[in-house]
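Text of data-v6.cif (mmCIF, C-alpha atoms) as supplied:
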data_data
loop_
_atom_site.label_atom_id
_atom_site.label_comp_id
_atom_site.auth_asym_id
_atom_site.auth_seq_id
_atom_site.Cartn_x
_atom_site.Cartn_y
_atom_site.Cartn_z
CA MET N 110 50.01 90.31 -1.78
CA ILE N 111 50.08 87.61 0.88
CA PRO N 112 50.09 89.83 4.02
CA ALA N 113 46.80 91.40 2.89
CA ALA N 114 45.07 88.02 2.70
CA GLU N 115 42.28 87.22 5.13
CA PRO N 116 43.41 85.00 8.00
CA ILE N 117 42.04 81.47 8.03
CA GLY N 118 41.97 78.84 10.71
CA PRO N 119 41.51 79.05 14.47
CA ALA N 120 42.56 82.11 16.50
CA HIS N 121 45.61 80.37 17.91
CA ALA N 122 46.96 79.91 14.37
CA LEU N 123 47.25 83.62 13.60
CA MET N 124 50.23 84.73 15.64
CA PRO N 125 52.96 82.04 15.38
CA THR N 126 54.04 82.87 11.81
CA PRO N 127 54.35 86.66 12.12
CA ILE N 128 56.08 86.15 15.45
CA TYR N 129 58.45 83.64 13.84
CA PHE N 130 59.49 86.06 11.10
CA ALA N 131 59.80 89.07 13.42
CA ARG N 132 61.73 87.32 16.17
CA ARG N 133 64.00 85.44 13.81
CA GLY N 134 65.48 88.78 12.81
CA ALA N 135 65.25 90.38 16.24
CA THR N 136 67.05 87.56 18.02
CA MET N 137 70.02 88.03 15.69
CA ALA N 138 70.73 91.55 16.97
CA GLY N 139 74.45 92.15 16.64
CA GLY N 140 74.91 88.84 14.83
CA ALA N 141 73.50 85.35 15.03
CA PRO N 142 73.83 83.40 18.31
CA GLU N 143 76.43 81.19 16.62
CA LEU N 144 78.63 84.26 16.03
CA HIS N 145 78.25 85.34 19.64
CA ARG N 146 79.16 81.85 20.83
CA ASN N 147 82.29 81.96 18.70
CA ASN N 148 83.21 85.43 19.96
CA LEU N 149 82.88 84.28 23.56
CA ALA N 150 84.84 81.10 22.87
CA ARG N 151 87.68 83.10 21.29
CA LYS N 152 87.72 85.40 24.30
CA LEU N 153 87.72 82.55 26.82
CA LEU N 154 90.36 80.58 24.92
CA GLN N 155 92.38 83.74 24.26
CA ILE N 156 92.79 82.98 20.56
CA MET V 1038 61.53 82.66 36.50
CA ASN V 1039 58.55 82.87 38.84
CA LEU V 1040 57.92 84.34 42.25
CA ASP V 1041 57.81 80.94 43.99
CA ALA V 1042 61.60 80.96 43.96
CA MET V 1043 61.73 84.16 45.97
CA ASP V 1044 60.02 83.19 49.24
CA LEU V 1045 58.21 86.54 49.43
CA THR V 1046 57.84 88.42 52.70
CA THR V 1047 54.46 89.80 53.80
CA ASP V 1048 55.43 93.26 52.53
CA GLU V 1049 56.55 91.82 49.21
CA ILE V 1050 53.26 89.95 48.81
CA ALA V 1051 51.41 93.23 49.46
CA PHE V 1052 53.60 94.91 46.83
CA ARG V 1053 52.92 92.11 44.33
CA ASP V 1054 49.17 92.49 44.88
CA LYS V 1055 49.41 96.25 44.42
CA VAL V 1056 51.17 95.76 41.08
CA ARG V 1057 48.57 93.22 39.98
CA ARG V 1058 45.72 95.60 40.87
CA PHE V 1059 47.44 98.38 38.94
CA TYR V 1060 47.52 96.25 35.82
CA GLU V 1061 43.91 95.09 36.25
CA ASP V 1062 42.73 98.67 36.71
CA ASN V 1063 44.73 100.34 33.95
CA LEU V 1064 45.23 97.94 31.05
CA THR V 1065 42.37 98.53 28.62
CA PRO V 1066 41.18 95.81 26.21
CA GLU V 1067 42.68 97.84 23.34
CA MET V 1068 46.05 97.91 25.06
CA ARG V 1069 45.92 94.18 25.75
CA ARG V 1070 45.15 93.56 22.09
CA ALA V 1071 48.02 95.85 21.03
CA ALA V 1072 50.37 93.81 23.19
CA TYR V 1073 48.95 90.54 21.83
CA VAL V 1074 49.61 91.47 18.19
CA THR V 1075 53.08 92.82 18.89
CA CYS V 1076 55.65 90.50 17.36
CA TRP V 1077 58.76 92.38 18.37
CA ALA V 1078 58.72 96.09 19.23
CA PHE V 1079 55.45 97.97 18.72
CA SER V 1080 52.83 96.74 16.30
CA GLU V 1081 50.48 99.40 17.65
CA PHE V 1082 52.78 102.25 18.68
CA GLU V 1083 50.10 104.68 19.83
CA TYR V 1084 48.98 102.29 22.58
CA ALA V 1085 52.57 101.87 23.72
CA ARG V 1086 52.87 105.63 24.10
CA GLN V 1087 49.56 105.82 25.98
CA TRP V 1088 50.73 103.06 28.29
CA GLN V 1089 54.00 104.86 29.06
CA LYS V 1090 52.03 107.97 30.00
CA ILE V 1091 49.86 105.94 32.38
CA LEU V 1092 52.95 104.43 33.99
CA HIS V 1093 54.49 107.87 34.34
CA ALA V 1094 51.35 109.34 35.90
CA HIS V 1095 51.47 106.54 38.46
CA GLY V 1096 55.14 107.21 39.28
CA TRP V 1097 56.21 103.96 37.66
CA GLY V 1098 57.45 105.38 34.36
CA ALA V 1099 60.92 103.93 34.82
CA PRO V 1100 60.99 101.75 37.94
CA ASN V 1101 64.64 100.79 37.50
CA TRP V 1102 65.97 104.34 37.40
CA PRO V 1103 67.54 106.03 40.43
CA VAL V 1104 64.97 107.99 42.43
CA GLU V 1105 66.69 111.33 41.72
CA HIS V 1106 65.94 110.86 38.03
CA GLY V 1107 62.34 109.78 38.54
CA GLY V 1108 62.71 106.10 39.42
CA ALA V 1109 60.10 104.38 41.55
CA GLY V 1110 62.37 103.66 44.50
CA PHE V 1111 61.70 99.93 44.39
CA THR V 1112 64.05 97.63 46.27
CA ALA V 1113 66.08 95.20 44.16
CA ARG V 1114 63.64 92.40 45.01
CA GLU V 1115 60.63 94.61 44.28
CA ARG V 1116 62.09 95.28 40.85
CA ILE V 1117 62.13 91.53 40.19
CA ILE V 1118 58.50 91.25 41.33
CA TRP V 1119 57.65 94.19 39.08
CA GLU V 1120 59.32 92.54 36.08
CA ILE V 1121 57.57 89.22 36.57
CA GLU V 1122 54.16 90.76 37.19
CA THR V 1123 54.66 92.92 34.11
CA ALA V 1124 55.40 89.83 32.04
CA ARG V 1125 52.29 88.17 33.49
CA ALA V 1126 50.04 91.17 32.68
CA HIS V 1127 51.56 91.52 29.18
CA PRO V 1128 51.09 95.28 28.59
CA PRO V 1129 52.19 97.10 25.40
CA GLY V 1130 55.95 97.48 25.11
CA ILE V 1131 57.84 100.39 26.62
CA ASN V 1132 60.62 102.31 24.89
CA ARG V 1133 63.44 100.07 26.07
CA MET V 1134 65.98 101.73 23.78
CA GLY V 1135 65.38 105.00 25.61
CA GLN V 1136 64.62 103.84 29.10
CA ASN V 1137 67.02 100.93 29.54
CA PHE V 1138 69.83 101.75 27.14
CA ALA V 1139 70.18 105.47 26.31
CA ALA V 1140 69.09 106.76 29.72
CA PRO V 1141 71.64 104.82 31.86
CA CYS V 1142 74.42 106.09 29.56
CA ILE V 1143 73.15 109.67 29.76
CA MET V 1144 73.00 109.34 33.57
CA ARG V 1145 76.58 108.02 33.68
CA PHE V 1146 78.31 110.03 30.93
CA GLY V 1147 76.02 112.99 30.20
CA ASP V 1148 76.45 116.55 31.45
CA ASP V 1149 73.79 118.27 33.54
CA ALA V 1150 72.20 119.96 30.54
CA GLN V 1151 71.86 116.63 28.71
CA LYS V 1152 70.33 114.95 31.77
CA LYS V 1153 67.84 117.78 32.15
CA GLN V 1154 66.99 117.82 28.46
CA PHE V 1155 66.67 114.11 27.78
CA LEU V 1156 65.73 112.14 30.89
CA PRO V 1157 62.30 113.68 31.77
CA PRO V 1158 60.83 113.21 28.24
CA ILE V 1159 61.92 109.55 28.19
CA LEU V 1160 60.10 109.08 31.48
CA SER V 1161 56.94 110.79 30.25
CA GLY V 1162 56.85 109.02 26.90
CA ASP V 1163 57.30 112.24 24.91
CA HIS V 1164 60.67 111.12 23.55
CA TRP V 1165 61.22 107.70 21.97
CA TRP V 1166 64.73 106.55 21.21
CA ALA V 1167 66.26 104.26 18.65
CA GLN V 1168 69.70 102.69 18.98
CA GLY V 1169 72.02 103.52 16.07
CA PHE V 1170 74.70 100.88 16.39
CA SER V 1171 74.50 98.15 13.70
CA GLU V 1172 75.62 98.98 10.17
CA PRO V 1173 76.00 96.93 7.02
CA GLY V 1174 79.26 95.12 7.92
CA ALA V 1175 79.26 96.15 11.59
CA GLY V 1176 76.95 94.01 13.69
CA SER V 1177 78.67 91.33 15.72
CA ASP V 1178 81.91 93.28 15.14
CA LEU V 1179 80.73 96.63 16.41
CA SER V 1180 84.20 98.17 16.18
CA ALA V 1181 83.92 98.06 12.36
CA ILE V 1182 81.56 101.06 12.36
CA LYS V 1183 82.07 103.37 9.40
CA LEU V 1184 79.37 106.06 9.80
CA SER V 1185 81.47 109.21 10.13
CA ALA V 1186 81.10 112.33 12.23
CA ARG V 1187 83.49 115.09 11.11
CA ALA V 1188 84.00 118.11 13.35
CA ASP V 1189 83.02 121.39 11.70
CA GLY V 1190 82.89 124.46 13.94
CA ASP V 1191 80.32 123.90 16.66
CA ASP V 1192 78.87 120.88 14.87
CA TYR V 1193 79.67 117.41 13.69
CA ILE V 1194 78.69 116.52 10.13
CA VAL V 1195 77.40 112.96 10.01
CA ASN V 1196 77.43 110.76 6.92
CA GLY V 1197 76.72 107.05 6.56
CA SER V 1198 74.00 104.58 7.40
CA LYS V 1199 72.65 102.31 10.13
CA THR V 1200 70.60 99.19 9.65
CA TRP V 1201 68.27 96.88 11.61
CA THR V 1202 67.31 99.97 13.59
CA THR V 1203 64.32 98.99 15.71
CA SER V 1204 61.50 101.55 15.82
CA ALA V 1205 63.40 104.30 13.96
CA HIS V 1206 60.11 105.11 12.21
CA PHE V 1207 58.59 106.08 15.59
CA ALA V 1208 61.69 107.47 17.26
CA THR V 1209 62.18 111.13 18.06
CA HIS V 1210 65.88 110.59 18.83
CA ILE V 1211 68.67 108.18 18.03
CA PHE V 1212 71.66 107.15 20.16
CA LEU V 1213 74.32 107.16 17.48
CA LEU V 1214 77.72 105.47 17.51
CA ALA V 1215 79.88 107.28 14.97
CA ARG V 1216 83.50 107.21 13.85
CA THR V 1217 85.36 110.44 14.60
CA ALA V 1218 88.91 109.17 14.01
CA ILE V 1219 90.69 106.39 12.13
CA GLU V 1220 92.91 104.43 14.52
CA GLU V 1221 94.77 101.14 14.21
CA ASP V 1222 92.70 99.83 17.09
CA LYS V 1223 89.21 100.13 15.60
CA ARG V 1224 87.66 100.46 19.05
CA LYS V 1225 89.32 103.84 19.35
CA GLY V 1226 87.98 106.77 17.38
CA LEU V 1227 84.29 106.15 18.11
CA THR V 1228 81.99 108.79 19.59
CA VAL V 1229 78.38 108.75 20.80
CA LEU V 1230 76.03 111.47 19.54
CA LEU V 1231 72.46 112.17 20.70
CA VAL V 1232 70.63 113.06 17.51
CA ASP V 1233 67.15 114.43 16.76
CA MET V 1234 65.46 112.20 14.22
CA ASP V 1235 63.90 115.23 12.51
CA SER V 1236 67.33 116.68 11.70
CA PRO V 1237 67.66 117.61 8.00
CA GLY V 1238 69.46 114.88 6.06
CA ILE V 1239 68.06 111.83 7.87
CA LEU V 1240 66.13 109.32 5.78
CA VAL V 1241 64.36 106.30 7.34
CA ARG V 1242 63.67 103.42 4.99
CA PRO V 1243 61.48 100.58 6.33
CA ILE V 1244 62.54 96.92 6.40
CA ILE V 1245 59.24 95.06 6.14
CA ASN V 1246 59.28 91.34 6.71
CA ILE V 1247 57.43 88.71 4.70
CA ALA V 1248 54.43 88.85 7.07
CA GLY V 1249 54.08 92.59 6.48
CA GLU V 1250 55.39 93.61 9.91
CA HIS V 1251 57.50 96.73 10.25
CA ASP V 1252 59.87 96.65 13.22
CA PHE V 1253 63.23 97.43 11.63
CA ASN V 1254 64.62 100.16 9.40
CA GLU V 1255 67.61 101.39 7.51
CA VAL V 1256 68.57 104.95 8.50
CA PHE V 1257 70.63 107.09 6.15
CA PHE V 1258 72.54 110.21 7.21
CA THR V 1259 73.59 112.74 4.57
CA ASP V 1260 75.50 115.80 5.83
CA VAL V 1261 73.46 115.81 9.04
CA ARG V 1262 74.59 118.59 11.37
CA VAL V 1263 74.73 117.59 15.04
CA PRO V 1264 75.77 120.22 17.60
CA ARG V 1265 78.88 119.35 19.64
CA ALA V 1266 76.70 119.86 22.72
CA ARG V 1267 74.96 116.63 21.68
CA ARG V 1268 78.12 114.56 22.09
CA LEU V 1269 77.82 112.15 25.01
CA GLY V 1270 81.05 111.92 26.99
CA ASP V 1271 84.41 112.58 25.41
CA GLU V 1272 85.25 112.47 21.74
CA ASN V 1273 86.68 109.07 20.73
CA ASP V 1274 85.44 107.49 23.98
CA GLY V 1275 82.35 105.94 22.40
CA TRP V 1276 83.51 102.34 22.76
CA ARG V 1277 83.48 102.59 26.56
CA ILE V 1278 79.97 104.09 26.48
CA ALA V 1279 78.76 101.44 24.02
CA MET V 1280 80.08 98.67 26.29
CA HIS V 1281 78.32 100.28 29.24
CA LEU V 1282 75.08 100.26 27.24
CA LEU V 1283 75.49 96.67 26.08
CA THR V 1284 75.95 95.52 29.68
CA PHE V 1285 72.44 96.84 30.30
CA GLU V 1286 71.13 95.44 27.03
CA HIS V 1287 72.33 91.95 27.79
CA GLY V 1288 71.30 92.02 31.46
CA ALA V 1289 68.00 93.85 31.08
CA GLY V 1290 64.80 91.95 31.62
CA THR V 1291 66.41 88.67 32.71
CA ALA V 1292 63.49 87.75 34.98
CA ARG V 1293 60.88 88.91 32.46
CA ILE V 1294 62.38 87.06 29.52
CA GLY V 1295 62.45 83.77 31.42
CA PHE V 1296 58.79 84.18 32.30
CA GLU V 1297 57.90 84.95 28.68
CA LEU V 1298 59.74 81.91 27.33
CA ARG V 1299 57.82 79.74 29.76
CA ARG V 1300 54.53 81.29 28.66
CA ARG V 1301 55.32 80.70 25.00
CA ALA V 1302 56.22 77.07 25.62
CA ALA V 1303 52.88 76.68 27.43
CA SER V 1304 51.14 78.27 24.47
CA ILE V 1305 52.65 75.69 22.08
CA ARG V 1306 51.52 72.91 24.39
CA ALA V 1307 47.97 74.34 24.31
CA ILE V 1308 48.06 74.52 20.49
CA ALA V 1309 49.31 70.94 20.31
CA HIS V 1310 46.34 69.83 22.41
CA ALA V 1311 43.95 71.58 20.00
CA GLU V 1312 45.59 70.66 16.69
CA SER V 1313 45.53 67.33 14.90
CA ASP V 1314 48.62 65.37 13.88
CA GLY V 1315 47.06 64.99 10.41
CA HIS V 1316 45.96 61.41 11.06
CA GLY V 1317 43.06 62.01 13.42
CA ALA V 1318 45.02 62.05 16.66
CA ARG V 1319 46.01 65.06 18.77
CA LEU V 1320 49.33 66.64 17.87
CA ILE V 1321 50.45 66.45 21.49
CA ASP V 1322 50.23 62.65 21.25
CA ASP V 1323 52.62 62.58 18.31
CA PRO V 1324 55.87 61.17 19.80
CA ASP V 1325 58.18 63.21 17.60
CA PHE V 1326 56.44 66.52 18.27
CA SER V 1327 56.05 65.73 21.96
CA ARG V 1328 59.77 64.95 22.26
CA LYS V 1329 60.74 68.25 20.61
CA LEU V 1330 58.39 70.21 22.87
CA GLY V 1331 59.58 68.36 25.95
CA LEU V 1332 63.24 69.09 25.18
CA LEU V 1333 62.44 72.76 24.69
CA GLU V 1334 60.49 72.92 27.95
CA ILE V 1335 63.51 71.48 29.74
CA SER V 1336 65.71 74.11 28.09
CA VAL V 1337 63.30 76.83 29.20
CA GLU V 1338 63.34 75.55 32.79
CA ALA V 1339 67.14 75.30 32.79
CA ALA V 1340 67.46 78.86 31.50
CA ASN V 1341 64.98 79.99 34.14
CA ALA V 1342 67.03 78.32 36.87
CA VAL V 1343 70.12 80.20 35.69
CA ALA V 1344 68.10 83.42 35.47
CA GLU V 1345 66.88 82.96 39.05
CA ALA V 1346 70.43 82.54 40.31
CA LEU V 1347 71.62 85.62 38.41
CA VAL V 1348 68.69 87.85 39.30
CA LEU V 1349 68.60 86.93 42.97
CA GLY V 1350 72.40 87.20 43.09
CA ALA V 1351 72.24 90.68 41.60
CA ALA V 1352 69.51 91.64 44.09
CA ALA V 1353 71.87 90.54 46.88
CA GLY V 1354 74.60 92.80 45.49
CA ALA V 1355 76.58 90.60 43.08
CA ALA V 1356 78.19 92.52 40.21
CA PRO V 1357 76.90 91.68 36.71
CA GLY V 1358 79.31 89.47 34.76
CA PRO V 1359 79.57 87.59 31.47
CA GLU V 1360 76.99 85.09 32.73
CA HIS V 1361 74.29 87.53 31.67
CA THR V 1362 75.67 87.54 28.13
CA LEU V 1363 75.86 83.76 28.06
CA LEU V 1364 72.25 83.51 29.25
CA ASN V 1365 71.23 86.11 26.68
CA ILE V 1366 72.66 83.97 23.87
CA ARG V 1367 70.99 80.84 25.24
CA ASN V 1368 67.65 82.65 25.55
CA ARG V 1369 67.90 83.74 21.92
CA GLU V 1370 68.51 80.17 20.81
CA ILE V 1371 65.53 78.96 22.83
CA ASP V 1372 63.43 81.83 21.49
CA GLN V 1373 64.20 80.83 17.91
CA ALA V 1374 63.47 77.16 18.59
CA LEU V 1375 60.14 78.05 20.26
CA THR V 1376 58.99 80.22 17.37
CA GLU V 1377 59.95 77.49 14.89
CA LEU V 1378 58.08 74.80 16.81
CA ALA V 1379 55.00 77.04 17.12
CA VAL V 1380 54.90 77.35 13.33
CA GLU V 1381 55.26 73.59 13.00
CA ALA V 1382 52.37 73.14 15.43
CA ILE V 1383 49.88 75.12 13.35
CA GLY V 1384 50.79 73.21 10.19
CA TYR V 1385 49.12 74.46 7.04
CA TYR V 1386 47.70 77.55 8.76
CA ALA V 1387 51.26 78.92 8.87
CA ARG V 1388 50.82 81.64 6.29
CA PRO V 1389 52.71 84.95 6.58
CA ILE V 1390 49.76 87.15 7.54
CA SER V 1391 50.16 90.44 9.40
CA ALA V 1392 49.52 90.03 13.13
CA ARG V 1393 47.47 93.22 13.08
CA ARG V 1394 44.67 91.33 11.35
CA ALA V 1395 43.98 89.60 14.67
CA LYS V 1396 40.58 90.49 16.09
#
Can you give me the file's structure in the form of structure tokens?
Amino acid sequence: MIPAAEPIGPAHALMPTPIYFARRGATMAGGAPELHRNNLARKLLQI
Amino acid sequence: MNLDAMDLTTDEIAFRDKVRRFYEDNLTPEMRRAAYVTCWAFSEFEYARQWQKILHAHGWGAPNWPVEHGGAGFTARERIIWEIETARAHPPGINRMGQNFAAPCIMRFGDDAQKKQFLPPILSGDHWWAQGFSEPGAGSDLSAIKLSARADGDDYIVNGSKTWTTSAHFATHIFLLARTAIEEDKRKGLTVLLVDMDSPGILVRPIINIAGEHDFNEVFFTDVRVPRARRLGDENDGWRIAMHLLTFEHGAGTARIGFELRRRAASIRAIAHAESDGHGARLIDDPDFSRKLGLLEISVEAANAVAEALVLGAAAGAAPGPEHTLLNIRNREIDQALTELAVEAIGYYARPISARRAK
């Protein structure tokens, strides 16, 4: 399984990918930013 | 944001130095590592709990709370200094779901017994809370919640499920938004319940991402009995409580988040100085990469400028408004773009390996 593989490369290369996958989900809390933009736009435009 | 924008007084400089010394004296190498490998909530939960206990012992368990509930009594400007210095020190995460979200609602809508029962253990780190809002089909449209709570004698009987529940596998309690009535206006008929996670009938199923990290969960409720005494506020008044909570969620950590975005942009710049563009030159000298990084750095600085205005305005007494929500959305977009560019920067090392393998 890939997550069990030994890390390769320099130390600075270890964190970006797990952070990318974790934060991609976390920053969509309550819906993607695009949805929130649309919700706000509907509210402001009263439509 | 950074402290340069604040024009600190002599007393505030002394306070800043005191906070810095506290972090230098109390953050162990193990705790720093735990924070380093944390991708979202708590990669190393035990260190987060230890850290909360240290904060509590120092009287800084929940600096933003009112003093009567155990807050640190910081001024509004000291709270900003605290946030920024905390971001700089980068300790393990605290239980934000309990401290910043559940607790303010319990303070505002809870009865005396609930305040006495729930607030001290959040402060001490003995209770950890999860937020039970999102469901399959009810995320951006929170009013679509289906999880039901049916009154039965002195209890509610809860059935349904929640998803994307951060830290439910560590949590002792969950702040649950449940449907207690079917109304034409879906925002009516919702009720908040304060639920023990070890109640019979609760099943937590992990959502593990491709890198092997476990931050989120599905939580299933099957005939879970919750005493009526655990209802927060009035029955069918949950929407108002949820909106109160979300105001905190979207406004919380404005100063800290700006600082963290800036640090992550700086980290990508450092990587780009160390990595090759694949043709023998430094990645930072690649015009395309450099342009993308530069645009993101400008976005980070613009968001920080807005954050400064909001945070300093709030410290001067301005009421929170929709600007916090707008900034929250923008920060998320920048966050996603930064994480994507960081992966691009490390090129073929970008394998989905668990962060906990970091030495």
Explicit residues for the PyMOL selection byres ((chain V and resi 1300) around 12) (as an mmCIF file with C-alpha atoms, in the coordinates of the input):
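Heads up, here's the output in selection-v1.cif:
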data_model
loop_
_atom_site.group_PDB
_atom_site.id
_atom_site.type_symbol
_atom_site.label_atom_id
_atom_site.label_comp_id
_atom_site.auth_asym_id
_atom_site.auth_seq_id
_atom_site.Cartn_x
_atom_site.Cartn_y
_atom_site.Cartn_z
ATOM 1 C CA MET V 1038 61.530 82.660 36.500
ATOM 2 C CA ASN V 1039 58.550 82.870 38.840
ATOM 3 C CA ILE V 1121 57.570 89.220 36.570
ATOM 4 C CA ALA V 1124 55.400 89.830 32.040
ATOM 5 C CA ARG V 1125 52.290 88.170 33.490
ATOM 6 C CA ALA V 1126 50.040 91.170 32.680
ATOM 7 C CA HIS V 1127 51.560 91.520 29.180
ATOM 8 C CA ARG V 1293 60.880 88.910 32.460
ATOM 9 C CA ILE V 1294 62.380 87.060 29.520
ATOM 10 C CA GLY V 1295 62.450 83.770 31.420
ATOM 11 C CA PHE V 1296 58.790 84.180 32.300
ATOM 12 C CA GLU V 1297 57.900 84.950 28.680
ATOM 13 C CA LEU V 1298 59.740 81.910 27.330
ATOM 14 C CA ARG V 1299 57.820 79.740 29.760
ATOM 15 C CA ARG V 1301 55.320 80.700 25.000
ATOM 16 C CA ALA V 1302 56.220 77.070 25.620
ATOM 17 C CA ALA V 1303 52.880 76.680 27.430
ATOM 18 C CA SER V 1304 51.140 78.270 24.470
ATOM 19 C CA ILE V 1305 52.650 75.690 22.080
ATOM 20 C CA ARG V 1306 51.520 72.910 24.390
ATOM 21 C CA ALA V 1307 47.970 74.340 24.310
ATOM 22 C CA GLU V 1334 60.490 72.920 27.950
ATOM 23 C CA VAL V 1337 63.300 76.830 29.200
ATOM 24 C CA GLU V 1338 63.340 75.550 32.790
ATOM 25 C CA ASN V 1341 64.980 79.990 34.140
ATOM 26 C CA ASP V 1372 63.430 81.830 21.490
ATOM 27 C CA LEU V 1375 60.140 78.050 20.260
#
Given a cut-off of 6 Å, which residues of chain N touch chain V, counting all atoms listed in the file, written out as a VMD selection string?
-> chain N and resid 112 122 124 to 129 131 136 139 to 140 142
Worksheet item: Of the candidates V:Val1229, V:Ala1186, V:Ile1278, V:Ala1342, which shows the shortest atom-to-atom distance to V:Gly1169, using only C-alpha atoms?
Response: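 Closest to V:Gly1169, using only C-alpha atoms: V:Val1229.
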Got a sec to resolve the PyMOL selection byres ((chain V and resi 1230) around 7) on this structure and send the residues as number ranges by chain? V: 1212-1214, 1228-1229, 1231-1232, 1267-1269
What separation in Å, quoted to one decimal, exists between atom CA of V:Leu1045 and atom CA of V:Asn1101?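 Distance reported for this atom pair: 19.7 Å.
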Using only C-alpha atoms, the shortest atom-to-atom distance to V:Ser1161 among V:Ala1071, V:Ala1094, V:Val1104, V:Ile1211 belongs to V:Ala1094
